[in-house]
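Below is one structure, written out as structure tokens; comments come after it.
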Amino acid sequence: MRVRTYDEIDPLAAFRLGVLTFGIAWDEAKVRRVRSHDRTYLEEFALYAEEHGRVLAQVVPRRLAVRTTSGVEEIGGLAAVCSHPAVWGRGFARRLIEATHDRFRELGMRVSALTTSRNIRGYGVYAKLGYVDLAPFRQAIRPVTRRKSPKGYRLRSARRSDLATIHRLYRAQTRRMLGWTERPERALEWAVIRNREYLDKYRIVMRDTNAVGYLRTRPHDGITMEEVVAPDVQDFRAAVALMEAKAEAGIATVNWITARSDAARFRRLGYTIDGPFPDTTMAVSLVKDIRTTDLPRRFGGTSGKFVQYPTDDF
Ligand SMILES: CC(C)(COP(=O)(O)OP(=O)(O)OC[C@H]1O[C@@H](n2cnc3c(N)ncnc32)[C@H](O)[C@@H]1OP(=O)(O)O)[C@@H](O)C(=O)NCCC(=O)NCCS
């Protein structure tokens, strides 16, 4: 097996592998667009396992800034991991991930992380490679009766001119948390370059003429709200009430609650918190002086300070 970079293989082979395993893939033009902007991708863009000229597995390594109990650091992230179904169980994904870990070490990174589901084959593969869950991911629900919108507040769609405001609110809300608190200032701009419709799910919470919060909503996926970011608790309550007024089927649902403070805010509004549900972020240590078993503590998973909002899914 040889390890190749995106530029060393036929882009069509990468596309084929993506479609086969994820049902969707990026063509060369999209890869070019993304890698020319998004600073979280490495120079190689993606790594491939190749055998007898066949491209059999893929890893897209990322560089991600996080905050742990020892401060802000850059870690490795594994995205778009897949292997050809004809060779599953033959160690191609494992060997390619190990090669990616070596690359991360070369770059001075001490930890590798990934987001996955405990429901899929990959979970067992990552666990076998030593990865552990960092924190429970929870959901919340509450039956709602139609409410009046809180006075003085309204929601509006997000525009590109809101990106700086969204970032400011996110920074204020995550100031005392650990984990994915270091979203790059331009992350949403890069997401829009990846997908023009990306901002469609974002709403800005307005108190009179001031933007005091933002949230995401995906009603077509059964998710009333996620990433409800409003540093002031009154504004948070108002944002939730506005979304409850819109909830289909009289039940409001909240996805991806990771921080204990967010869970407490929803609980106080009458929500039942459930979980952990299958989504999870896992990590492994790449160096001798950090024990993998200590990573949940370092990332705030055991103290309730861990945060990862859906915008920071990778
Ligand atoms: C997830 C995926 C990449 C795994 O690929 P794979 O080629 O089967 O992985 P490997 O053969 O390298 O498996 C690594 C090891 O885990 C073992 N393993 C596989 N499934 C396992 C499971 N459910 N539990 C425990 N071990 C498992 C393998 O036997 C192998 O053992 P070895 O290291 O002793 O050789 C592949 O199934 C895939 O492409 N899935 C679709 C896309 C996807 O869901 N990607 C993950 C997104 S997060």
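Letters A, B, ... go to the chains of the structure tokens in the order shown; residues in each chain start at 1; ligands are counted from 1 in the same order.
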For Phe299 (chain A), work out the shell of residues within 8 Å, counting only C-alpha atoms and skipping chain neighbours fewer than 6 positions away, then give it as a short mmCIF file (atom, residue, chain, number, x, y, z; two decimals) with C-alpha atoms, in the first residue's frame.
```cif
data_model
loop_
_atom_site.label_atom_id
_atom_site.label_comp_id
_atom_site.auth_asym_id
_atom_site.auth_seq_id
_atom_site.Cartn_x
_atom_site.Cartn_y
_atom_site.Cartn_z
CA ARG A 67 -8.96 24.96 23.84
CA THR A 68 -8.02 22.34 26.43
CA THR A 69 -7.11 22.60 30.10
CA LEU A 134 -14.64 13.21 24.43
CA LEU A 178 -13.28 24.13 26.44
CA GLY A 179 -13.09 22.20 23.18
CA LYS A 305 -17.25 22.57 29.86
CA PHE A 306 -16.84 20.81 26.51
#
```
- Residues within 7 Å of ligand 1, counting only C-alpha atoms and all ligand atoms, as a PyMOL selection string: chain A and resi 21-22+80-85+87-95+115-117+120-125+128
- Message: as JSON, numbers by chain, please: every residue in region 10-200 of chain A that a backbone DSSP assignment puts in strand (DSSP E or B).
- Response: {"A": [41, 47, 48, 49, 50, 51, 54, 55, 56, 57, 58, 59, 60, 61, 62, 63, 64, 65, 66, 67, 68, 71, 72, 73, 74, 75, 76, 77, 78, 79, 80, 81, 82, 83, 111, 112, 113, 114, 115, 116, 117, 132, 133, 138, 139, 140, 141, 142, 143, 153, 154, 155, 156, 157, 178, 179]}
- Message: Which of region 93-281 of chain A end up as alpha helix (DSSP H) when DSSP is run on this backbone - answer as a PyMOL selection string?
- Response: chain A and resi 93-106+121-128+163-173+187-194+233-244+260-268
For the residues selected in the previous step, produce a file with C-alpha atoms as an mmCIF file, in the first residue's frame.
```
data_model
loop_
_atom_site.group_PDB
_atom_site.id
_atom_site.type_symbol
_atom_site.label_atom_id
_atom_site.label_comp_id
_atom_site.auth_asym_id
_atom_site.auth_seq_id
_atom_site.Cartn_x
_atom_site.Cartn_y
_atom_site.Cartn_z
ATOM 1 C CA ALA A 93 -8.388 2.743 6.495
ATOM 2 C CA ARG A 94 -6.350 1.893 9.609
ATOM 3 C CA ARG A 95 -2.994 2.118 7.812
ATOM 4 C CA LEU A 96 -3.968 5.372 6.119
ATOM 5 C CA ILE A 97 -5.125 6.874 9.434
ATOM 6 C CA GLU A 98 -1.812 5.812 10.999
ATOM 7 C CA ALA A 99 0.056 7.541 8.150
ATOM 8 C CA THR A 100 -2.081 10.648 8.782
ATOM 9 C CA HIS A 101 -1.151 10.518 12.484
ATOM 10 C CA ASP A 102 2.539 10.533 11.441
ATOM 11 C CA ARG A 103 1.877 13.604 9.301
ATOM 12 C CA PHE A 104 0.137 15.325 12.238
ATOM 13 C CA ARG A 105 3.140 14.545 14.487
ATOM 14 C CA GLU A 106 5.472 16.050 11.866
ATOM 15 C CA ARG A 121 -18.807 0.741 11.278
ATOM 16 C CA GLY A 122 -16.266 3.562 11.522
ATOM 17 C CA TYR A 123 -16.859 3.870 15.279
ATOM 18 C CA GLY A 124 -15.436 0.396 15.920
ATOM 19 C CA VAL A 125 -12.512 1.068 13.586
ATOM 20 C CA TYR A 126 -11.633 4.308 15.414
ATOM 21 C CA ALA A 127 -12.054 2.683 18.825
ATOM 22 C CA LYS A 128 -9.657 -0.064 17.736
ATOM 23 C CA LEU A 163 -20.685 36.979 9.813
ATOM 24 C CA ALA A 164 -18.680 39.265 12.092
ATOM 25 C CA THR A 165 -21.653 39.579 14.486
ATOM 26 C CA ILE A 166 -22.138 35.802 14.565
ATOM 27 C CA HIS A 167 -18.463 35.387 15.376
ATOM 28 C CA ARG A 168 -18.580 37.987 18.144
ATOM 29 C CA LEU A 169 -21.609 36.315 19.776
ATOM 30 C CA TYR A 170 -19.993 32.859 19.503
ATOM 31 C CA ARG A 171 -16.784 34.147 21.123
ATOM 32 C CA ALA A 172 -18.725 35.722 23.989
ATOM 33 C CA GLN A 173 -20.752 32.564 24.606
ATOM 34 C CA ALA A 187 -14.995 29.781 9.154
ATOM 35 C CA LEU A 188 -18.507 30.673 8.033
ATOM 36 C CA GLU A 189 -17.205 32.523 5.000
ATOM 37 C CA TRP A 190 -15.334 29.330 4.043
ATOM 38 C CA ALA A 191 -18.474 27.276 4.637
ATOM 39 C CA VAL A 192 -20.376 29.527 2.224
ATOM 40 C CA ILE A 193 -17.638 29.020 -0.384
ATOM 41 C CA ARG A 194 -18.124 25.241 0.090
ATOM 42 C CA VAL A 233 -29.941 34.594 29.308
ATOM 43 C CA GLN A 234 -32.994 36.825 28.653
ATOM 44 C CA ASP A 235 -32.097 36.917 24.965
ATOM 45 C CA PHE A 236 -31.605 33.141 24.998
ATOM 46 C CA ARG A 237 -35.117 32.650 26.436
ATOM 47 C CA ALA A 238 -36.565 34.955 23.813
ATOM 48 C CA ALA A 239 -34.757 33.115 20.991
ATOM 49 C CA VAL A 240 -36.118 29.776 22.195
ATOM 50 C CA ALA A 241 -39.651 31.181 22.557
ATOM 51 C CA LEU A 242 -39.515 32.545 19.007
ATOM 52 C CA MET A 243 -38.489 29.114 17.707
ATOM 53 C CA GLU A 244 -41.095 27.306 19.802
ATOM 54 C CA ARG A 260 -23.510 21.666 30.618
ATOM 55 C CA SER A 261 -24.461 25.361 30.745
ATOM 56 C CA ASP A 262 -26.486 24.993 27.532
ATOM 57 C CA ALA A 263 -28.215 21.879 28.898
ATOM 58 C CA ALA A 264 -29.073 23.808 32.095
ATOM 59 C CA ARG A 265 -30.535 26.712 30.105
ATOM 60 C CA PHE A 266 -32.839 24.374 28.183
ATOM 61 C CA ARG A 267 -33.778 22.423 31.309
ATOM 62 C CA ARG A 268 -34.845 25.665 32.992
#
```
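Here CA of Val228 (chain A) is placed at a distance of 6.9 Å from CA of Arg216 (chain A).
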- Nearest-residue call for Leu56 (chain A), choices A:Val111, A:Leu286, A:Ile9, A:Ala158, using only C-alpha atoms: A:Ile9
- Task: Just give me the gap between CA of Pro296 (chain A) and CA of Thr253 (chain A) in Å, one decimal is fine.
- Result: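 Taking CA of Pro296 (chain A) and CA of Thr253 (chain A), their separation equals 26.5 Å.
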- Show which residues sit within 7 Å of Gly304 (chain A), as a ChimeraX atom specification. Count only C-alpha atoms, and ignore same-chain residues fewer than 3 positions away. /A:259-260,300-301
Generate a file of the selected residues that holds C-alpha atoms, formatted as an mmCIF file, in the first residue's frame.
```cif
data_model
loop_
_atom_site.group_PDB
_atom_site.id
_atom_site.type_symbol
_atom_site.label_atom_id
_atom_site.label_comp_id
_atom_site.auth_asym_id
_atom_site.auth_seq_id
_atom_site.Cartn_x
_atom_site.Cartn_y
_atom_site.Cartn_z
ATOM 1 C CA ALA A 259 -21.937 22.132 27.206
ATOM 2 C CA ARG A 260 -23.510 21.666 30.618
ATOM 3 C CA GLY A 300 -13.848 19.518 29.352
ATOM 4 C CA GLY A 301 -15.940 16.427 28.697
#
```
Which residues of region 132-162 of chain A come within 12 Å of region 245-250 of chain A, and for each one, what is the closest pair of atoms and their distance in Å to one decimal, counting only C-alpha atoms, sorted by chain and residue number, as CSV?
```
residue,atom,partner,partner_atom,distance
A:Ile141,CA,A:Gly250,CA,10.5
A:Arg142,CA,A:Gly250,CA,8.5
A:Pro143,CA,A:Gly250,CA,5.7
A:Val144,CA,A:Gly250,CA,5.1
A:Thr145,CA,A:Gly250,CA,6.2
A:Arg146,CA,A:Ala245,CA,5.4
A:Arg147,CA,A:Ala245,CA,5.3
A:Lys148,CA,A:Ala245,CA,6.9
A:Ser149,CA,A:Ala245,CA,6.9
A:Pro150,CA,A:Ala245,CA,9.9
A:Arg154,CA,A:Ala245,CA,11.4
A:Leu155,CA,A:Lys246,CA,11.1
```
- Message: I'd like to know which of A:Gln139, A:Pro278, A:Gly152, A:Arg203 is closest to Ile223 (chain A), using only C-alpha atoms.
- Response: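 Distance minimum relative to Ile223 (chain A) lands on A:Gln139.
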- All residues 9 Å or closer to Pro276 (chain A), only C-alpha atoms, same chain fewer than 4 positions away omitted, as a list of chain:residue names: A:Ala135, A:Pro136, A:Phe137, A:Arg138, A:Gln139, A:Thr280
Kindly save the residues from that selection, with N, CA and C atoms included, as an mmCIF file, in the first residue's frame.
```cif
data_model
loop_
_atom_site.group_PDB
_atom_site.id
_atom_site.type_symbol
_atom_site.label_atom_id
_atom_site.label_comp_id
_atom_site.auth_asym_id
_atom_site.auth_seq_id
_atom_site.Cartn_x
_atom_site.Cartn_y
_atom_site.Cartn_z
ATOM 1 N N ALA A 135 -16.984 13.563 24.979
ATOM 2 C CA ALA A 135 -18.081 14.098 25.801
ATOM 3 C C ALA A 135 -19.402 13.568 25.266
ATOM 4 N N PRO A 136 -20.421 13.510 26.123
ATOM 5 C CA PRO A 136 -21.733 13.100 25.603
ATOM 6 C C PRO A 136 -22.375 14.210 24.765
ATOM 7 N N PHE A 137 -22.999 13.838 23.670
ATOM 8 C CA PHE A 137 -23.781 14.765 22.842
ATOM 9 C C PHE A 137 -25.249 14.510 23.168
ATOM 10 N N ARG A 138 -25.971 15.575 23.515
ATOM 11 C CA ARG A 138 -27.356 15.394 23.958
ATOM 12 C C ARG A 138 -28.347 16.111 23.059
ATOM 13 N N GLN A 139 -29.606 15.719 23.214
ATOM 14 C CA GLN A 139 -30.703 16.396 22.531
ATOM 15 C C GLN A 139 -31.711 16.826 23.585
ATOM 16 N N THR A 280 -20.883 11.697 17.953
ATOM 17 C CA THR A 280 -19.816 11.807 18.953
ATOM 18 C C THR A 280 -18.551 12.377 18.335
#
```
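The nearest approach to Val55 (chain A) among the residues A:Tyr153, A:Tyr131, A:Tyr6, A:Trp180, with only C-alpha atoms taken into account, belongs to A:Tyr6.
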- Task: Excluding Thr217 (chain A) and any residue of its chain fewer than 6 positions from it, enumerate the residues within 7 Å of it, using only C-alpha atoms, and give them as an MDAnalysis selection string.
- Result: chainID A and resid 201:202 223:226
Store the residues of this selection in a file with C-alpha atoms, as an mmCIF file, in the first residue's frame.
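Listed below is the output, out-v2.cif:
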```cif
data_model
loop_
_atom_site.group_PDB
_atom_site.id
_atom_site.type_symbol
_atom_site.label_atom_id
_atom_site.label_comp_id
_atom_site.auth_asym_id
_atom_site.auth_seq_id
_atom_site.Cartn_x
_atom_site.Cartn_y
_atom_site.Cartn_z
ATOM 1 C CA LYS A 201 -30.222 27.651 8.285
ATOM 2 C CA TYR A 202 -28.911 30.570 10.386
ATOM 3 C CA ILE A 223 -34.622 19.926 14.219
ATOM 4 C CA THR A 224 -36.298 23.044 15.557
ATOM 5 C CA MET A 225 -33.052 24.562 16.776
ATOM 6 C CA GLU A 226 -29.385 23.928 17.392
#
```
- Looking at only C-alpha atoms, which of A:Ala252, A:Val287, A:Val60, A:Leu20 is the one that sits closest to Leu47 (chain A)?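 With only C-alpha atoms as the atom set, the closest residue is A:Val60.
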- Which distance in Å separates CA of Leu42 (chain A) and CA of Ala57 (chain A), to one decimal?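 Computing the Euclidean distance for CA of Leu42 (chain A) and CA of Ala57 (chain A) yields 17.6 Å.
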